[in-house]
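Below: one structure, written as structure tokens.
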Amino acid sequence: MYDLHTHFIPENVLSWLKDNKEAVHAQWIHKEENKDPFLVVNEKWGFELKKSFIDSKLYMAQQAEANVSHSVVSPIPQLFMYDFPVEITCEISEVYNHSLAEWTASSPTTLSALGTVPLNNPDKAAQMLQQAMNLGLKGVIIGPGLADHMLSDDFFTPFFEEANRLKSILFIHPLLCEDPRLKRRMLPNLIGVPWETTICAADILLSGLIDKYPDVKILFAHGGGFLPYQIGRIDKGFDQWNLVSSNLKAHPSEYLKRFWYDNVLWNEDSVDFLIKCVGEDRVVPGSDFPFDLSVWPPKLSSYEGVESLLLRKA
């Protein structure tokens, strides 16, 4: 069993956070007696810093208990640090990438990893993507854009050009939605997270970016958000409006099959629908371990997706 969606914080990254806690406004807050402290960076997106996030032996033991034979480890989105000066984002990216590369190199049969890059500076992001893959990482995990830039914007051209040249995996993982209407009942996580993915995925699809950079392997978290479920509406827009169809060579439902999606959907009928839309070779097993809403243990939809995304040589 492969698990392509897991998160971890290496010891060197945790040390960096403690050494730079004032610069990044990092706090360890004890909320409940029976829980680990919550890590909050820059006064938002706090999460319980469970031991599984930071104890490599415990992480590996729990993966083994769930019958996961190979895990793909990603940095946590809360540490993308895009809203800080690029010097800080570059520094934590370098520490994170080297730490994950060292860890996975020590156990190559059971671990692979994705790195992180300073997406707030696409030229630096391109350089660090190359460095990460030279270290043996499979690609990088990135957010769905910046506050003032969608991923399809020309602003990101240097980064996508390099990702295309390297045939890199780009795992697009959202952060919590900051829509003020969602400030209740955990809606920033429950609805906001897949909504952020939906916006990003729909924009990338309709922009024609995948034709421009055909060798980039884009993986969307949480089953692609709401996009697969609404693809019929987008196909109808393609038939109706030139603003929808002008950048595309086929219907959006055909482009849907050129991305990859994890199966972190918590519902077998939803996973079945996703597979029906995009094909078994485009859906990969994931868990989102060890976050609270992880699908644990992960479930294997099909080995074909693992083969096409992770194992098949370009």
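Chain identifiers are assigned as A, B, and so on, following the order in which chains appear in the structure tokens; residues are numbered from 1 within each chain, and ligands are numbered from 1 in order of appearance.
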query: Please, which residues of range 15-202 of chain A, numbered as in this document, come out strand (DSSP E) from DSSP, as a ChimeraX atom specification?
result: /A:26-29,38-41,44-48,70-74,111-113,139-142,145-146,149-150,169-172
Written selection (C-alpha atoms) as a PDB file, in the first residue's frame:
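Done, and the output landed in again.pdb:
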```pdb
ATOM      1  CA  ALA A  26       5.493  31.045  16.149  1.00  0.00           C
ATOM      2  CA  GLN A  27       3.664  30.045  19.318  1.00  0.00           C
ATOM      3  CA  TRP A  28       3.132  26.735  21.089  1.00  0.00           C
ATOM      4  CA  ILE A  29      -0.238  27.040  22.796  1.00  0.00           C
ATOM      5  CA  PHE A  38      -1.054  23.730  19.136  1.00  0.00           C
ATOM      6  CA  LEU A  39       1.498  25.301  16.808  1.00  0.00           C
ATOM      7  CA  VAL A  40       0.419  28.695  15.495  1.00  0.00           C
ATOM      8  CA  VAL A  41       2.508  30.602  12.940  1.00  0.00           C
ATOM      9  CA  LYS A  44      -3.320  31.854  11.944  1.00  0.00           C
ATOM     10  CA  TRP A  45      -3.871  28.245  10.924  1.00  0.00           C
ATOM     11  CA  GLY A  46      -2.978  26.676  14.241  1.00  0.00           C
ATOM     12  CA  PHE A  47      -3.012  22.886  14.509  1.00  0.00           C
ATOM     13  CA  GLU A  48      -2.328  20.292  17.172  1.00  0.00           C
ATOM     14  CA  HIS A  70       5.681   3.276   1.120  1.00  0.00           C
ATOM     15  CA  SER A  71       4.844   6.821   2.230  1.00  0.00           C
ATOM     16  CA  VAL A  72       5.304  10.048   0.313  1.00  0.00           C
ATOM     17  CA  VAL A  73       6.048  12.735   2.903  1.00  0.00           C
ATOM     18  CA  SER A  74       5.206  16.388   2.330  1.00  0.00           C
ATOM     19  CA  LEU A 111       9.882   6.691   2.010  1.00  0.00           C
ATOM     20  CA  SER A 112       9.802   9.320  -0.721  1.00  0.00           C
ATOM     21  CA  ALA A 113       9.278  13.042  -0.252  1.00  0.00           C
ATOM     22  CA  GLY A 139       8.870  17.366  -6.721  1.00  0.00           C
ATOM     23  CA  VAL A 140       7.248  19.880  -4.382  1.00  0.00           C
ATOM     24  CA  ILE A 141       4.048  20.644  -2.552  1.00  0.00           C
ATOM     25  CA  ILE A 142       2.704  24.153  -3.156  1.00  0.00           C
ATOM     26  CA  GLY A 145      -1.393  30.569  -5.346  1.00  0.00           C
ATOM     27  CA  LEU A 146      -0.819  33.821  -3.484  1.00  0.00           C
ATOM     28  CA  HIS A 149      -1.756  35.842  -7.955  1.00  0.00           C
ATOM     29  CA  MET A 150      -3.440  32.723  -9.332  1.00  0.00           C
ATOM     30  CA  ILE A 169       5.309  16.441  -9.450  1.00  0.00           C
ATOM     31  CA  LEU A 170       3.502  19.550  -8.176  1.00  0.00           C
ATOM     32  CA  PHE A 171       1.191  18.603  -5.326  1.00  0.00           C
ATOM     33  CA  ILE A 172      -1.271  21.482  -4.960  1.00  0.00           C
TER      34      ILE A 172
END
```
- request: Pick out each residue of range 38-261 of chain A that DSSP on the backbone tags as helix (DSSP H, G or I); I need them as JSON, numbers by chain.
  value: {"A": [51, 52, 53, 54, 56, 57, 58, 59, 60, 61, 62, 63, 64, 65, 77, 78, 79, 86, 87, 88, 89, 90, 91, 92, 93, 94, 95, 96, 97, 98, 99, 100, 101, 102, 103, 104, 105, 122, 123, 124, 125, 126, 127, 128, 129, 130, 131, 132, 133, 134, 154, 155, 156, 157, 158, 159, 160, 161, 162, 163, 164, 165, 166, 180, 181, 182, 187, 188, 189, 190, 192, 193, 194, 195, 196, 197, 198, 199, 200, 201, 202, 203, 204, 205, 206, 207, 209, 210, 211, 212, 222, 223, 224, 228, 229, 230, 231, 232, 233, 234, 235, 236, 237, 238, 239, 240, 242, 243, 244, 245, 252, 253, 254, 255, 256, 257, 258]}
message: Set the distance at 12 Å and use only C-alpha atoms: which residues neighbour Ile231 in chain A once local chain neighbours fewer than 5 positions away are removed? I'd like the list as a ChimeraX atom specification.
response: /A:198,201-202,205-206,224-226,236-238,251-257,273-274,277-278
May I have a table of the residues of range 142-174 of chain A lying at most 10 Å from range 215-221 of chain A, giving each one's closest pair of atoms and their distance in Å to one decimal, counting only C-alpha atoms, ordered by chain and ascending residue number, as a Markdown table?
```
| residue | atom | partner | partner_atom | distance |
| --- | --- | --- | --- | --- |
| A:Pro144 | CA | A:Phe220 | CA | 9.6 |
| A:Phe160 | CA | A:Val216 | CA | 7.7 |
| A:Glu161 | CA | A:Val216 | CA | 8.9 |
| A:Glu162 | CA | A:Val216 | CA | 9.2 |
| A:Ala163 | CA | A:Val216 | CA | 5.9 |
| A:Asn164 | CA | A:Val216 | CA | 4.7 |
| A:Arg165 | CA | A:Asp215 | CA | 7.3 |
| A:Leu166 | CA | A:Val216 | CA | 7.9 |
| A:Lys167 | CA | A:Asp215 | CA | 5.1 |
| A:Ser168 | CA | A:Val216 | CA | 5.6 |
| A:Ile169 | CA | A:Lys217 | CA | 4.6 |
| A:Leu170 | CA | A:Ile218 | CA | 4.9 |
| A:Phe171 | CA | A:Leu219 | CA | 4.7 |
| A:Ile172 | CA | A:Phe220 | CA | 5.2 |
| A:His173 | CA | A:Ala221 | CA | 5.4 |
| A:Pro174 | CA | A:Ala221 | CA | 7.6 |
```
Using N, CA, C and O atoms, can you export the residues from the last selection as a PDB file, in the first residue's frame?
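Final output, saved to out.pdb:
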```pdb
ATOM      1  N   PRO A 144      -2.274  26.952  -3.412  1.00  0.00           N
ATOM      2  CA  PRO A 144      -3.059  27.239  -4.614  1.00  0.00           C
ATOM      3  C   PRO A 144      -2.830  28.626  -5.196  1.00  0.00           C
ATOM      4  O   PRO A 144      -3.656  29.125  -5.955  1.00  0.00           O
ATOM      5  N   PHE A 160       6.915  27.370 -13.474  1.00  0.00           N
ATOM      6  CA  PHE A 160       6.299  26.312 -14.268  1.00  0.00           C
ATOM      7  C   PHE A 160       7.202  25.858 -15.413  1.00  0.00           C
ATOM      8  O   PHE A 160       7.193  24.675 -15.782  1.00  0.00           O
ATOM      9  N   GLU A 161       7.978  26.761 -15.968  1.00  0.00           N
ATOM     10  CA  GLU A 161       8.927  26.355 -17.008  1.00  0.00           C
ATOM     11  C   GLU A 161       9.933  25.339 -16.461  1.00  0.00           C
ATOM     12  O   GLU A 161      10.240  24.333 -17.119  1.00  0.00           O
ATOM     13  N   GLU A 162      10.423  25.581 -15.258  1.00  0.00           N
ATOM     14  CA  GLU A 162      11.392  24.664 -14.655  1.00  0.00           C
ATOM     15  C   GLU A 162      10.720  23.350 -14.255  1.00  0.00           C
ATOM     16  O   GLU A 162      11.290  22.271 -14.452  1.00  0.00           O
ATOM     17  N   ALA A 163       9.514  23.437 -13.711  1.00  0.00           N
ATOM     18  CA  ALA A 163       8.791  22.214 -13.348  1.00  0.00           C
ATOM     19  C   ALA A 163       8.520  21.358 -14.574  1.00  0.00           C
ATOM     20  O   ALA A 163       8.607  20.120 -14.527  1.00  0.00           O
ATOM     21  N   ASN A 164       8.222  22.004 -15.684  1.00  0.00           N
ATOM     22  CA  ASN A 164       7.984  21.271 -16.928  1.00  0.00           C
ATOM     23  C   ASN A 164       9.267  20.620 -17.431  1.00  0.00           C
ATOM     24  O   ASN A 164       9.274  19.457 -17.856  1.00  0.00           O
ATOM     25  N   ARG A 165      10.364  21.356 -17.369  1.00  0.00           N
ATOM     26  CA  ARG A 165      11.655  20.807 -17.821  1.00  0.00           C
ATOM     27  C   ARG A 165      12.061  19.597 -16.994  1.00  0.00           C
ATOM     28  O   ARG A 165      12.573  18.608 -17.529  1.00  0.00           O
ATOM     29  N   LEU A 166      11.788  19.660 -15.706  1.00  0.00           N
ATOM     30  CA  LEU A 166      12.188  18.586 -14.797  1.00  0.00           C
ATOM     31  C   LEU A 166      11.158  17.461 -14.707  1.00  0.00           C
ATOM     32  O   LEU A 166      11.406  16.456 -14.046  1.00  0.00           O
ATOM     33  N   LYS A 167      10.001  17.664 -15.360  1.00  0.00           N
ATOM     34  CA  LYS A 167       8.901  16.687 -15.263  1.00  0.00           C
ATOM     35  C   LYS A 167       8.544  16.428 -13.799  1.00  0.00           C
ATOM     36  O   LYS A 167       8.381  15.296 -13.344  1.00  0.00           O
ATOM     37  N   SER A 168       8.422  17.502 -13.076  1.00  0.00           N
ATOM     38  CA  SER A 168       8.231  17.460 -11.629  1.00  0.00           C
ATOM     39  C   SER A 168       6.788  17.167 -11.249  1.00  0.00           C
ATOM     40  O   SER A 168       5.847  17.543 -11.951  1.00  0.00           O
ATOM     41  N   ILE A 169       6.615  16.510 -10.102  1.00  0.00           N
ATOM     42  CA  ILE A 169       5.309  16.441  -9.450  1.00  0.00           C
ATOM     43  C   ILE A 169       5.081  17.758  -8.713  1.00  0.00           C
ATOM     44  O   ILE A 169       5.942  18.211  -7.957  1.00  0.00           O
ATOM     45  N   LEU A 170       3.941  18.383  -8.949  1.00  0.00           N
ATOM     46  CA  LEU A 170       3.502  19.550  -8.176  1.00  0.00           C
ATOM     47  C   LEU A 170       2.228  19.151  -7.451  1.00  0.00           C
ATOM     48  O   LEU A 170       1.172  18.980  -8.072  1.00  0.00           O
ATOM     49  N   PHE A 171       2.335  18.968  -6.164  1.00  0.00           N
ATOM     50  CA  PHE A 171       1.191  18.603  -5.326  1.00  0.00           C
ATOM     51  C   PHE A 171       0.570  19.894  -4.819  1.00  0.00           C
ATOM     52  O   PHE A 171       1.152  20.593  -3.996  1.00  0.00           O
ATOM     53  N   ILE A 172      -0.612  20.231  -5.331  1.00  0.00           N
ATOM     54  CA  ILE A 172      -1.271  21.482  -4.960  1.00  0.00           C
ATOM     55  C   ILE A 172      -2.191  21.218  -3.775  1.00  0.00           C
ATOM     56  O   ILE A 172      -3.162  20.468  -3.872  1.00  0.00           O
ATOM     57  N   HIS A 173      -1.838  21.847  -2.652  1.00  0.00           N
ATOM     58  CA  HIS A 173      -2.537  21.606  -1.388  1.00  0.00           C
ATOM     59  C   HIS A 173      -3.020  22.942  -0.839  1.00  0.00           C
ATOM     60  O   HIS A 173      -2.232  23.881  -0.674  1.00  0.00           O
ATOM     61  N   PRO A 174      -4.303  23.057  -0.527  1.00  0.00           N
ATOM     62  CA  PRO A 174      -4.834  24.349  -0.075  1.00  0.00           C
ATOM     63  C   PRO A 174      -4.488  24.654   1.364  1.00  0.00           C
ATOM     64  O   PRO A 174      -4.109  23.790   2.146  1.00  0.00           O
TER      65      PRO A 174
END
```
- request: Give me the residues within 12 Å of range 19-21 of chain A as a list in words, counting only C-alpha atoms and dropping any in the same chain fewer than 2 places off.
  value: Asn12, Val13, Leu14, Ser15, Trp16, Leu17, Ala23, Val24, His25, Ala26, Gln27, Trp28, Leu39, Val40, Val41, Asn42, Glu43, Ile88, Thr89, Glu91 and Ile92 of chain A
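Take CA of Glu178 in chain A and CA of Ser270 in chain A: the distance between them is 25.8 Å.
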field: Interatomic distance, CA of Asn134 in chain A to CA of Tyr213 in chain A (Å, one decimal)
entry: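 Between CA of Asn134 in chain A and CA of Tyr213 in chain A the gap is 20.6 Å.
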All residues 10 Å or closer to Gln62 in chain A, only C-alpha atoms, same chain fewer than 4 positions away omitted, as JSON, numbers by chain: {"A": [52, 56, 57, 58, 66, 67, 68, 289, 290, 297]}
